[in-house]
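Peer 1: Okay, so here is my_file_3.cif, and as you'll see once you scroll down, it has mmCIF, C-alpha atoms.
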```cif
data_work
loop_
_atom_site.label_atom_id
_atom_site.label_comp_id
_atom_site.auth_asym_id
_atom_site.auth_seq_id
_atom_site.Cartn_x
_atom_site.Cartn_y
_atom_site.Cartn_z
CA MET A 1 40.82 -43.01 -13.19
CA LEU A 2 37.70 -43.90 -11.13
CA ARG A 3 38.74 -41.38 -8.47
CA LYS A 4 39.09 -38.72 -11.17
CA LEU A 5 35.65 -39.57 -12.58
CA GLY A 6 34.18 -39.46 -9.08
CA LEU A 7 35.58 -35.97 -8.46
CA THR A 8 34.29 -34.82 -11.84
CA ALA A 9 30.81 -36.11 -10.97
CA VAL A 10 30.84 -34.33 -7.61
CA LEU A 11 31.93 -31.05 -9.22
CA SER A 12 29.20 -31.45 -11.84
CA ILE A 13 26.56 -31.96 -9.16
CA MET A 14 27.83 -28.94 -7.25
CA ALA A 15 27.71 -26.81 -10.39
CA CYS A 16 24.15 -27.88 -11.14
CA SER A 17 23.15 -27.10 -7.55
CA ALA A 18 24.71 -23.65 -7.78
CA GLN A 19 22.94 -23.00 -11.06
CA ALA A 20 19.62 -24.00 -9.47
CA GLU A 21 19.87 -21.17 -6.94
CA THR A 22 18.15 -17.97 -8.04
CA THR A 23 18.24 -14.58 -6.33
CA TRP A 24 15.58 -11.96 -6.85
CA ILE A 25 16.01 -8.33 -5.88
CA MET A 26 12.96 -6.77 -4.19
CA ALA A 27 12.36 -3.06 -3.62
CA THR A 28 10.00 -1.31 -1.23
CA GLY A 29 9.68 2.26 -0.08
CA TYR A 30 8.83 1.41 3.52
CA THR A 31 11.08 1.06 6.55
CA GLU A 32 11.83 -2.11 8.48
CA GLY A 33 9.50 -0.91 11.26
CA SER A 34 6.49 -0.78 8.93
CA PHE A 35 4.04 -3.68 9.13
CA PHE A 36 4.17 -3.78 5.31
CA THR A 37 7.88 -4.59 5.45
CA GLN A 38 7.42 -7.02 8.32
CA ASN A 39 4.83 -8.84 6.22
CA ILE A 40 7.26 -8.96 3.29
CA ARG A 41 9.94 -10.42 5.55
CA LYS A 42 7.56 -13.25 6.47
CA PHE A 43 6.76 -13.76 2.78
CA ILE A 44 10.47 -14.01 1.98
CA GLU A 45 11.06 -16.43 4.84
CA GLU A 46 8.27 -18.69 3.59
CA VAL A 47 9.60 -18.67 0.02
CA GLU A 48 13.21 -19.35 1.00
CA THR A 49 12.25 -22.07 3.48
CA LYS A 50 9.88 -23.93 1.17
CA THR A 51 12.28 -23.75 -1.79
CA ASN A 52 15.16 -24.93 0.41
CA GLY A 53 17.04 -21.76 -0.46
CA GLU A 54 16.82 -22.32 -4.22
CA LEU A 55 15.01 -18.99 -4.54
CA LYS A 56 16.40 -16.19 -2.43
CA ILE A 57 14.90 -12.70 -2.25
CA ASP A 58 17.16 -9.77 -1.41
CA LEU A 59 14.91 -7.04 0.03
CA ARG A 60 15.97 -3.40 -0.30
CA PRO A 61 13.64 -1.37 1.98
CA ALA A 62 13.12 2.32 2.69
CA ASP A 63 13.71 3.64 -0.85
CA SER A 64 17.31 2.42 -0.53
CA LEU A 65 17.44 1.05 -4.08
CA ILE A 66 14.46 2.51 -5.93
CA LYS A 67 12.06 5.25 -4.88
CA LEU A 68 8.55 4.02 -4.12
CA ASP A 69 6.82 5.64 -7.09
CA ALA A 70 9.42 4.20 -9.50
CA ILE A 71 9.13 0.59 -8.33
CA LYS A 72 6.31 -0.38 -10.71
CA ARG A 73 8.33 0.66 -13.74
CA ALA A 74 11.43 -1.09 -12.35
CA VAL A 75 9.53 -4.37 -11.99
CA GLN A 76 7.96 -4.04 -15.42
CA SER A 77 11.35 -3.46 -17.07
CA GLY A 78 13.05 -6.24 -15.13
CA GLN A 79 15.40 -3.90 -13.28
CA VAL A 80 14.18 -5.76 -10.20
CA GLN A 81 12.17 -8.97 -10.21
CA ILE A 82 9.70 -8.08 -7.46
CA GLY A 83 8.56 -5.00 -5.57
CA GLU A 84 5.92 -3.39 -3.40
CA ILE A 85 3.86 -0.47 -4.70
CA ARG A 86 1.19 1.88 -3.38
CA MET A 87 -1.53 1.40 -5.96
CA SER A 88 -3.15 4.81 -5.58
CA SER A 89 0.07 6.35 -6.92
CA TYR A 90 -0.90 5.28 -10.45
CA GLY A 91 -4.26 6.99 -10.87
CA ASN A 92 -3.01 8.73 -14.00
CA GLU A 93 -2.72 5.32 -15.70
CA ALA A 94 -6.21 3.95 -14.98
CA GLU A 95 -9.19 5.23 -13.01
CA THR A 96 -9.46 1.98 -11.05
CA PHE A 97 -6.28 2.90 -9.19
CA ASN A 98 -8.15 5.94 -7.86
CA LEU A 99 -11.24 4.14 -6.63
CA ASP A 100 -10.23 3.25 -3.09
CA ASN A 101 -8.56 6.64 -2.77
CA ILE A 102 -11.98 8.31 -2.89
CA PRO A 103 -13.39 9.12 0.57
CA GLY A 104 -16.16 6.79 1.63
CA VAL A 105 -15.73 4.14 -1.07
CA ALA A 106 -14.03 1.74 1.37
CA SER A 107 -14.34 3.17 4.87
CA ASN A 108 -13.44 0.01 6.79
CA PHE A 109 -11.41 -3.16 6.33
CA ASP A 110 -14.37 -5.34 5.35
CA GLU A 111 -15.35 -2.97 2.55
CA ALA A 112 -11.73 -2.71 1.45
CA TRP A 113 -11.49 -6.52 1.22
CA THR A 114 -14.68 -6.70 -0.85
CA LEU A 115 -13.37 -4.00 -3.17
CA MET A 116 -10.08 -5.87 -3.55
CA GLU A 117 -11.93 -9.01 -4.64
CA ALA A 118 -13.97 -7.04 -7.17
CA GLN A 119 -10.82 -5.41 -8.59
CA LYS A 120 -8.65 -8.53 -8.82
CA PRO A 121 -9.74 -9.70 -12.30
CA TYR A 122 -9.29 -6.19 -13.68
CA PHE A 123 -5.83 -5.83 -12.13
CA ASP A 124 -4.81 -9.34 -13.24
CA ASP A 125 -5.56 -8.32 -16.82
CA LEU A 126 -4.06 -4.82 -16.55
CA PHE A 127 -0.79 -5.90 -14.97
CA GLY A 128 -0.61 -9.01 -17.17
CA LYS A 129 -0.66 -6.83 -20.29
CA ASN A 130 2.38 -5.07 -18.86
CA ASN A 131 4.38 -8.23 -18.07
CA MET A 132 3.57 -8.29 -14.35
CA SER A 133 1.48 -10.20 -11.83
CA VAL A 134 -0.01 -8.96 -8.57
CA ILE A 135 0.55 -11.65 -5.93
CA THR A 136 -0.36 -9.77 -2.73
CA TYR A 137 -2.72 -6.99 -1.69
CA VAL A 138 -2.56 -5.30 1.73
CA ALA A 139 -4.82 -2.51 2.95
CA TRP A 140 -3.71 0.62 4.72
CA PRO A 141 -5.19 1.43 8.12
CA GLY A 142 -7.79 4.20 8.17
CA GLN A 143 -6.88 7.86 7.95
CA GLY A 144 -7.24 10.84 10.24
CA PHE A 145 -6.22 14.42 10.95
CA TYR A 146 -3.08 15.34 12.90
CA THR A 147 -3.56 18.80 14.35
CA ASN A 148 -2.59 21.11 17.20
CA LYS A 149 -6.19 21.59 18.29
CA PRO A 150 -9.20 19.31 18.71
CA ILE A 151 -11.48 18.81 15.72
CA ASN A 152 -14.94 19.37 17.17
CA SER A 153 -16.65 20.43 13.92
CA THR A 154 -15.89 21.13 10.28
CA SER A 155 -15.12 24.75 11.18
CA ASP A 156 -12.02 23.58 13.05
CA LEU A 157 -10.55 22.34 9.75
CA ALA A 158 -10.84 25.65 7.93
CA GLY A 159 -7.51 27.25 7.13
CA LEU A 160 -5.30 24.33 8.17
CA LYS A 161 -2.13 23.89 6.12
CA LEU A 162 -2.80 20.21 5.56
CA ARG A 163 -0.26 17.81 4.09
CA ILE A 164 -1.97 15.30 1.81
CA TYR A 165 -0.57 12.79 -0.68
CA SER A 166 -2.74 12.46 -3.80
CA GLN A 167 -5.05 14.36 -6.11
CA GLN A 168 -8.07 12.76 -4.45
CA THR A 169 -7.00 13.78 -0.96
CA ARG A 170 -6.18 17.24 -2.31
CA ILE A 171 -9.78 17.57 -3.48
CA LEU A 172 -10.99 16.36 -0.09
CA GLY A 173 -8.77 18.84 1.74
CA GLU A 174 -9.83 21.76 -0.40
CA LYS A 175 -13.54 20.98 -0.02
CA LEU A 176 -12.98 20.87 3.75
CA ASP A 177 -11.62 24.44 3.43
CA THR A 178 -8.03 23.52 4.24
CA GLU A 179 -4.95 24.58 2.32
CA ALA A 180 -4.15 21.12 0.94
CA ILE A 181 -0.48 20.60 0.07
CA ILE A 182 0.83 17.46 -1.67
CA LEU A 183 4.24 16.49 -0.29
CA PRO A 184 6.37 13.33 -0.30
CA PHE A 185 6.33 11.75 3.13
CA ALA A 186 10.08 12.21 3.54
CA GLU A 187 9.61 15.99 3.36
CA VAL A 188 7.09 16.20 6.22
CA PRO A 189 9.57 17.05 9.03
CA GLN A 190 11.12 19.87 7.04
CA ALA A 191 7.68 21.16 6.04
CA PHE A 192 6.64 21.35 9.68
CA ALA A 193 9.92 23.03 10.63
CA THR A 194 9.52 25.75 8.00
CA GLY A 195 5.82 26.32 8.60
CA LEU A 196 4.80 25.05 5.18
CA ILE A 197 2.32 22.73 6.91
CA ASN A 198 0.79 22.61 10.37
CA SER A 199 -1.28 19.44 10.05
CA LEU A 200 -1.33 16.00 8.40
CA TRP A 201 -3.87 13.71 6.81
CA THR A 202 -2.59 10.16 7.15
CA SER A 203 -2.84 6.95 9.16
CA ALA A 204 -1.67 6.19 12.68
CA GLN A 205 0.98 3.98 11.07
CA SER A 206 2.49 6.86 9.12
CA GLY A 207 2.09 9.23 12.06
CA THR A 208 4.31 7.08 14.24
CA GLU A 209 6.91 6.72 11.49
CA VAL A 210 7.23 10.51 11.22
CA GLN A 211 6.97 10.95 15.03
CA ALA A 212 4.02 13.27 14.66
CA TRP A 213 4.09 14.09 18.39
CA ASP A 214 7.10 16.32 17.68
CA TYR A 215 4.81 18.66 15.70
CA VAL A 216 1.16 18.20 16.75
CA ASN A 217 -0.79 16.96 19.74
CA THR A 218 -4.07 15.48 18.45
CA PHE A 219 -4.99 12.60 16.14
CA THR A 220 -8.63 12.58 15.02
CA TYR A 221 -9.53 9.30 13.34
CA THR A 222 -12.06 9.22 10.51
CA GLY A 223 -11.44 5.86 8.78
CA THR A 224 -12.48 7.18 5.36
CA LEU A 225 -9.80 5.54 3.18
CA HIS A 226 -8.25 2.07 3.07
CA GLN A 227 -6.07 2.16 -0.01
CA LYS A 228 -4.00 -0.85 -0.97
CA ASN A 229 -0.36 -1.68 -1.39
CA ALA A 230 0.54 -4.59 -3.65
CA ILE A 231 3.45 -6.93 -4.20
CA ILE A 232 4.07 -7.26 -7.93
CA VAL A 233 6.35 -9.65 -9.83
CA ASN A 234 7.93 -9.46 -13.28
CA ASN A 235 6.29 -12.23 -15.33
CA ARG A 236 9.49 -13.19 -17.15
CA ALA A 237 11.15 -13.83 -13.80
CA LEU A 238 8.09 -15.66 -12.47
CA ASN A 239 7.74 -17.86 -15.55
CA ALA A 240 11.45 -18.69 -15.51
CA LEU A 241 10.92 -20.58 -12.24
CA ASP A 242 10.08 -24.27 -12.27
CA ASP A 243 6.43 -25.15 -11.59
CA ASP A 244 6.94 -26.08 -7.94
CA THR A 245 8.89 -22.92 -7.11
CA ARG A 246 6.39 -20.73 -8.95
CA LYS A 247 3.54 -22.27 -6.94
CA ILE A 248 5.44 -21.65 -3.70
CA VAL A 249 5.80 -17.96 -4.62
CA LEU A 250 2.14 -17.58 -5.52
CA ASP A 251 0.95 -19.43 -2.42
CA ALA A 252 3.24 -17.33 -0.21
CA GLY A 253 1.84 -14.23 -1.89
CA ALA A 254 -1.71 -15.29 -1.12
CA ALA A 255 -0.75 -16.01 2.48
CA ALA A 256 0.82 -12.54 2.69
CA THR A 257 -2.50 -11.02 1.64
CA THR A 258 -4.41 -12.74 4.44
CA ARG A 259 -1.69 -12.07 7.00
CA GLY A 260 -1.15 -8.49 5.85
CA TRP A 261 -4.80 -7.62 6.33
CA GLU A 262 -4.64 -8.83 9.94
CA MET A 263 -1.36 -6.99 10.49
CA ALA A 264 -2.99 -3.79 9.19
CA LYS A 265 -5.84 -4.12 11.68
CA ALA A 266 -3.39 -4.75 14.52
CA ALA A 267 -1.18 -1.85 13.41
CA GLU A 268 -4.15 0.51 13.48
CA ARG A 269 -4.71 -0.25 17.17
CA GLU A 270 -1.06 -0.51 18.13
CA LYS A 271 0.05 2.70 16.44
CA GLU A 272 -2.76 4.70 17.99
CA GLN A 273 -1.46 3.48 21.34
CA VAL A 274 2.06 4.57 20.41
CA LEU A 275 0.72 8.04 19.63
CA ALA A 276 -1.08 8.12 22.97
CA ASP A 277 2.03 6.92 24.80
CA HIS A 278 3.84 9.95 23.39
CA GLY A 279 1.26 12.30 24.82
CA MET A 280 -1.06 12.72 21.87
CA THR A 281 -4.82 12.94 22.30
CA ILE A 282 -6.66 10.26 20.30
CA ALA A 283 -10.17 11.18 19.19
CA ARG A 284 -12.89 10.09 16.81
CA ALA A 285 -14.19 12.61 14.29
CA PRO A 286 -17.55 14.23 15.12
CA ASP A 287 -20.59 13.36 13.04
CA ASP A 288 -20.64 16.58 11.04
CA VAL A 289 -17.06 16.00 9.85
CA LEU A 290 -17.83 12.41 8.84
CA GLU A 291 -21.03 13.48 7.10
CA ARG A 292 -19.19 16.20 5.18
CA ILE A 293 -16.49 13.73 4.12
CA GLU A 294 -19.17 11.29 2.92
CA GLU A 295 -20.86 14.08 0.98
CA ILE A 296 -17.59 15.07 -0.68
CA GLY A 297 -16.84 11.43 -1.47
CA ALA A 298 -20.23 10.90 -3.10
CA GLY A 299 -19.57 13.79 -5.46
CA MET A 300 -16.14 12.41 -6.28
CA VAL A 301 -17.64 9.01 -7.08
CA GLU A 302 -19.96 10.65 -9.60
CA GLU A 303 -16.98 12.33 -11.25
CA TRP A 304 -15.09 9.03 -11.19
CA LEU A 305 -17.94 7.21 -12.90
CA ASN A 306 -17.95 9.80 -15.67
CA ALA A 307 -14.20 9.39 -16.21
CA ALA A 308 -14.02 5.59 -15.86
CA SER A 309 -14.20 3.12 -18.71
CA GLU A 310 -17.14 0.74 -19.06
CA GLU A 311 -15.00 -2.07 -17.66
CA GLU A 312 -13.97 0.03 -14.68
CA ARG A 313 -17.57 1.01 -13.98
CA SER A 314 -18.44 -2.68 -14.08
CA VAL A 315 -15.85 -3.32 -11.37
CA TYR A 316 -17.47 -0.67 -9.19
CA GLU A 317 -20.95 -2.09 -9.82
CA THR A 318 -19.71 -5.56 -8.88
CA TYR A 319 -18.31 -4.14 -5.67
CA ARG A 320 -21.53 -2.30 -4.79
CA ALA A 321 -23.59 -5.41 -5.51
CA ALA A 322 -21.35 -7.47 -3.22
CA LEU A 323 -22.07 -4.96 -0.45
CA GLY A 324 -25.78 -5.22 -1.16
CA ARG A 325 -26.09 -1.57 -2.22
#
```
Rewrite the structure of this file - the entire thing - as structure tokens.

Peer 2:
Amino acid sequence: MLRKLGLTAVLSIMACSAQAETTWIMATGYTEGSFFTQNIRKFIEEVETKTNGELKIDLRPADSLIKLDAIKRAVQSGQVQIGEIRMSSYGNEAETFNLDNIPGVASNFDEAWTLMEAQKPYFDDLFGKNNMSVITYVAWPGQGFYTNKPINSTSDLAGLKLRIYSQQTRILGEKLDTEAIILPFAEVPQAFATGLINSLWTSAQSGTEVQAWDYVNTFTYTGTLHQKNAIIVNNRALNALDDDTRKIVLDAGAAATTRGWEMAKAAEREKEQVLADHGMTIARAPDDVLERIEEIGAGMVEEWLNAASEEERSVYETYRAALGR
């Protein structure tokens, strides 16, 4: 009888242990080679190690489960518990998503970090109203032009069939006298092959992922934009965790922000070297190009201020004050 009771107790303990294990599904649009995904892998490792495997996170990268632009909705609905998004993709929902996608607003990593801190309270409230929390922010490296000729002045941009990726970069491209064409990143190789585009506007990170050296020979860096990606969590899933596990997730998210920023800086340098190793010329944009981009950006900020809500304008003013401007 005692032996039977002992076995029952063991089975009960085993059942409770099994029930304590939770698995989250996580979606991202980026490949394993991306520093964004590498940062997520480190985040997952920290969570699983510190929870002793009681919370496991099953990452589905490279659009393999959900396309990048659909991840926010999937997290909100609970289709997946956690995901990575590119925040500038949601400018139709709130003007604040567009802010760091305007040329010149955050032209380097320090400015991008200051903008992130100014936006956090707004995003906490916005995502919270939609049953989500932002636990990590990571900046993109700066942008530049991929072309088949050097960019020595603004006149060298005129007439380029330039692939861009947002309404803000479309405006920039058009005001630089290019033929600006919005395309999903996955369609870039085919667009080059068919002659739809002959140039890109993107980062060194993205240029290496698409093997830009197969299509162009020059990368001209401008900086200009440092948009953010974010890791977001469904609040029902987050609140279902016990207090200790929830704190581990949030702390790991904060650590991923700090680490991700450093990884972005390193990726900017490393990926430019990869481009150079494949025979591409790496250049810095001439002053007249940078001045024209700044001029275009200033006009776009004025338009943004007119479209933004009072609360969103307050975020921008907080950011400018933090920069001492």

Peer 1: As a check of understanding, name the residues that the PyMOL selection byres ((chain A and resi 214) around 10) selects in the supplied structure, as a list in words.

Peer 2: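 Checked against the file, the PyMOL selection byres ((chain A and resi 214) around 10) matches Pro189, Phe192, Val210, Gln211, Ala212, Trp213, Tyr215, Val216, Asn217, His278 and Met280 of chain A.
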
Peer 1: Using only the atoms of stretch 288-302 of chain A listed in the file, plus 6 Å on each side, state the axis-aligned box centre and edge lengths in Å rounded to one decimal, as lines of an AutoDock Vina configuration file.

Peer 2:
```
center_x = -18.6
center_y = 12.8
center_z = 0.7
size_x = 16.9
size_y = 19.6
size_z = 32.6
```

Peer 1: Residues picked by the PyMOL selection byres ((chain A and resi 156) around 12) here, as a PyMOL selection string?

Peer 2: chain A and resi 145+147-155+157-160+176-178+199+220+285-286+288-289

Peer 1: Would you mind listing, for every residue of stretch 230-271 of chain A within 8 Å of stretch 41-62 of chain A, the two atoms forming the shortest contact and the distance between them in Å to one decimal, using all atoms listed in the file, sorted by chain and ascending residue number, as JSON lines?

Peer 2:
```
{"residue": "A:Thr245", "atom": "CA", "partner": "A:Thr51", "partner_atom": "CA", "distance": 6.4}
{"residue": "A:Ile248", "atom": "CA", "partner": "A:Val47", "partner_atom": "CA", "distance": 6.3}
{"residue": "A:Val249", "atom": "CA", "partner": "A:Val47", "partner_atom": "CA", "distance": 6.0}
{"residue": "A:Ala252", "atom": "CA", "partner": "A:Phe43", "partner_atom": "CA", "distance": 5.8}
{"residue": "A:Gly253", "atom": "CA", "partner": "A:Phe43", "partner_atom": "CA", "distance": 6.8}
{"residue": "A:Ala255", "atom": "CA", "partner": "A:Phe43", "partner_atom": "CA", "distance": 7.8}
{"residue": "A:Ala256", "atom": "CA", "partner": "A:Phe43", "partner_atom": "CA", "distance": 6.1}
```

Peer 1: So what do you get for atom CA of A:Ile102 versus atom CA of A:Met300, distance-wise?

Peer 2: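 Taking atom CA of A:Ile102 as the start and atom CA of A:Met300 as the end point, the length is 6.8 Å.
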
Peer 1: Fewer than 5 positions away in the same chain doesn't count, so skip those; otherwise give me all residues within 8 Å of A:Tyr221, counting all atoms listed in the file, as a ChimeraX atom specification.

Peer 2: /A:142-145,282-285

Peer 1: Run the PyMOL selection byres ((chain A and resi 237) around 10) against the file shown and list the residues it catches, as a compact mmCIF listing (two decimals) with C-alpha atoms, in the coordinates of the input.

Peer 2:
```txt
# COMPACT_ATOMS: atom_id res chain seq x y z
CA THR A 22 18.15 -17.97 -8.04
CA TRP A 24 15.58 -11.96 -6.85
CA VAL A 75 9.53 -4.37 -11.99
CA GLY A 78 13.05 -6.24 -15.13
CA VAL A 80 14.18 -5.76 -10.20
CA GLN A 81 12.17 -8.97 -10.21
CA ILE A 82 9.70 -8.08 -7.46
CA ASN A 131 4.38 -8.23 -18.07
CA MET A 132 3.57 -8.29 -14.35
CA VAL A 233 6.35 -9.65 -9.83
CA ASN A 234 7.93 -9.46 -13.28
CA ASN A 235 6.29 -12.23 -15.33
CA ARG A 236 9.49 -13.19 -17.15
CA LEU A 238 8.09 -15.66 -12.47
CA ASN A 239 7.74 -17.86 -15.55
CA ALA A 240 11.45 -18.69 -15.51
CA LEU A 241 10.92 -20.58 -12.24
CA ARG A 246 6.39 -20.73 -8.95
```

Peer 1: Using all atoms listed in the file for the distances, tell me which of A:Tyr165, A:Trp304, A:Phe123, A:Tyr137 is nearest to A:Pro184.

Peer 2: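 The closest residue to A:Pro184 is A:Tyr165.
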
Peer 1: Name the closest residue to A:Arg292 among the candidates A:Ser309, A:Asn229, A:Thr202, A:Thr224; distances are taken between atoms, counting all atoms listed in the file.

Peer 2: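 The answer is A:Thr224, which sits nearest to A:Arg292.
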
Peer 1: State, in Å with one decimal place, the distance from atom CA of A:Glu295 to atom CA of A:Asn101.

Peer 2: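 Computing the Euclidean distance for atom CA of A:Glu295 and atom CA of A:Asn101 yields 14.9 Å.
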
Peer 1: Identify the residues within 8 Å of coordinate (-10.7, 12.3, -3.8) (same frame as the file), considering all atoms listed in the file, and give the answer as JSON, numbers by chain.

Peer 2: {"A": [98, 101, 102, 103, 166, 167, 168, 169, 170, 171, 172, 297, 300]}

Peer 1: What does the distance from atom CA of A:Tyr316 to atom CA of A:Ala264 come to in Å, to one decimal?

Peer 2: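 Pair atom CA of A:Tyr316 / atom CA of A:Ala264 returns 23.6 Å.
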
Peer 1: Complete the atom set of stretch 147-155 of chain A to all heavy atoms and return it as an mmCIF file, in the frame of the given file.

Peer 2:
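As a result, out.cif now contains:
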```cif
data_model
loop_
_atom_site.group_PDB
_atom_site.id
_atom_site.type_symbol
_atom_site.label_atom_id
_atom_site.label_comp_id
_atom_site.auth_asym_id
_atom_site.auth_seq_id
_atom_site.Cartn_x
_atom_site.Cartn_y
_atom_site.Cartn_z
ATOM 1 N N THR A 147 -3.430 17.356 14.182
ATOM 2 C CA THR A 147 -3.560 18.800 14.350
ATOM 3 C C THR A 147 -3.055 19.231 15.728
ATOM 4 O O THR A 147 -2.784 18.405 16.599
ATOM 5 C CB THR A 147 -5.034 19.240 14.236
ATOM 6 O OG1 THR A 147 -5.799 18.561 15.256
ATOM 7 C CG2 THR A 147 -5.612 18.895 12.868
ATOM 8 N N ASN A 148 -2.972 20.555 15.903
ATOM 9 C CA ASN A 148 -2.590 21.110 17.200
ATOM 10 C C ASN A 148 -3.783 21.620 17.986
ATOM 11 O O ASN A 148 -3.626 22.349 18.956
ATOM 12 C CB ASN A 148 -1.567 22.229 17.020
ATOM 13 C CG ASN A 148 -0.145 21.713 17.213
ATOM 14 O OD1 ASN A 148 0.102 20.879 18.092
ATOM 15 N ND2 ASN A 148 0.780 22.180 16.396
ATOM 16 N N LYS A 149 -4.978 21.242 17.552
ATOM 17 C CA LYS A 149 -6.190 21.590 18.290
ATOM 18 C C LYS A 149 -7.226 20.508 18.035
ATOM 19 O O LYS A 149 -7.188 19.828 17.001
ATOM 20 C CB LYS A 149 -6.722 22.951 17.855
ATOM 21 C CG LYS A 149 -7.128 23.027 16.390
ATOM 22 C CD LYS A 149 -7.653 24.407 16.021
ATOM 23 C CE LYS A 149 -8.090 24.437 14.553
ATOM 24 N NZ LYS A 149 -8.614 25.780 14.160
ATOM 25 N N PRO A 150 -8.157 20.317 18.937
ATOM 26 C CA PRO A 150 -9.200 19.310 18.710
ATOM 27 C C PRO A 150 -10.057 19.668 17.504
ATOM 28 O O PRO A 150 -10.258 20.843 17.186
ATOM 29 C CB PRO A 150 -10.024 19.370 20.008
ATOM 30 C CG PRO A 150 -9.140 20.019 21.014
ATOM 31 C CD PRO A 150 -8.269 20.968 20.262
ATOM 32 N N ILE A 151 -10.555 18.629 16.834
ATOM 33 C CA ILE A 151 -11.480 18.810 15.720
ATOM 34 C C ILE A 151 -12.878 18.501 16.247
ATOM 35 O O ILE A 151 -13.289 17.337 16.347
ATOM 36 C CB ILE A 151 -11.129 17.902 14.527
ATOM 37 C CG1 ILE A 151 -9.688 18.153 14.072
ATOM 38 C CG2 ILE A 151 -12.109 18.123 13.386
ATOM 39 C CD1 ILE A 151 -9.413 19.550 13.607
ATOM 40 N N ASN A 152 -13.603 19.542 16.618
ATOM 41 C CA ASN A 152 -14.940 19.370 17.170
ATOM 42 C C ASN A 152 -16.039 19.585 16.132
ATOM 43 O O ASN A 152 -17.195 19.218 16.348
ATOM 44 C CB ASN A 152 -15.161 20.341 18.338
ATOM 45 C CG ASN A 152 -14.224 20.046 19.496
ATOM 46 O OD1 ASN A 152 -14.033 18.887 19.860
ATOM 47 N ND2 ASN A 152 -13.625 21.085 20.060
ATOM 48 N N SER A 153 -15.699 20.199 15.007
ATOM 49 C CA SER A 153 -16.650 20.430 13.920
ATOM 50 C C SER A 153 -15.864 20.743 12.656
ATOM 51 O O SER A 153 -14.641 20.933 12.703
ATOM 52 C CB SER A 153 -17.590 21.587 14.257
ATOM 53 O OG SER A 153 -16.887 22.823 14.221
ATOM 54 N N THR A 154 -16.567 20.826 11.540
ATOM 55 C CA THR A 154 -15.890 21.130 10.280
ATOM 56 C C THR A 154 -15.212 22.498 10.311
ATOM 57 O O THR A 154 -14.204 22.710 9.630
ATOM 58 C CB THR A 154 -16.893 21.098 9.112
ATOM 59 O OG1 THR A 154 -17.994 21.967 9.409
ATOM 60 C CG2 THR A 154 -17.411 19.686 8.875
ATOM 61 N N SER A 155 -15.715 23.408 11.120
ATOM 62 C CA SER A 155 -15.120 24.750 11.180
ATOM 63 C C SER A 155 -13.695 24.713 11.723
ATOM 64 O O SER A 155 -12.891 25.607 11.421
ATOM 65 C CB SER A 155 -15.987 25.682 12.031
ATOM 66 O OG SER A 155 -16.069 25.204 13.363
#
```
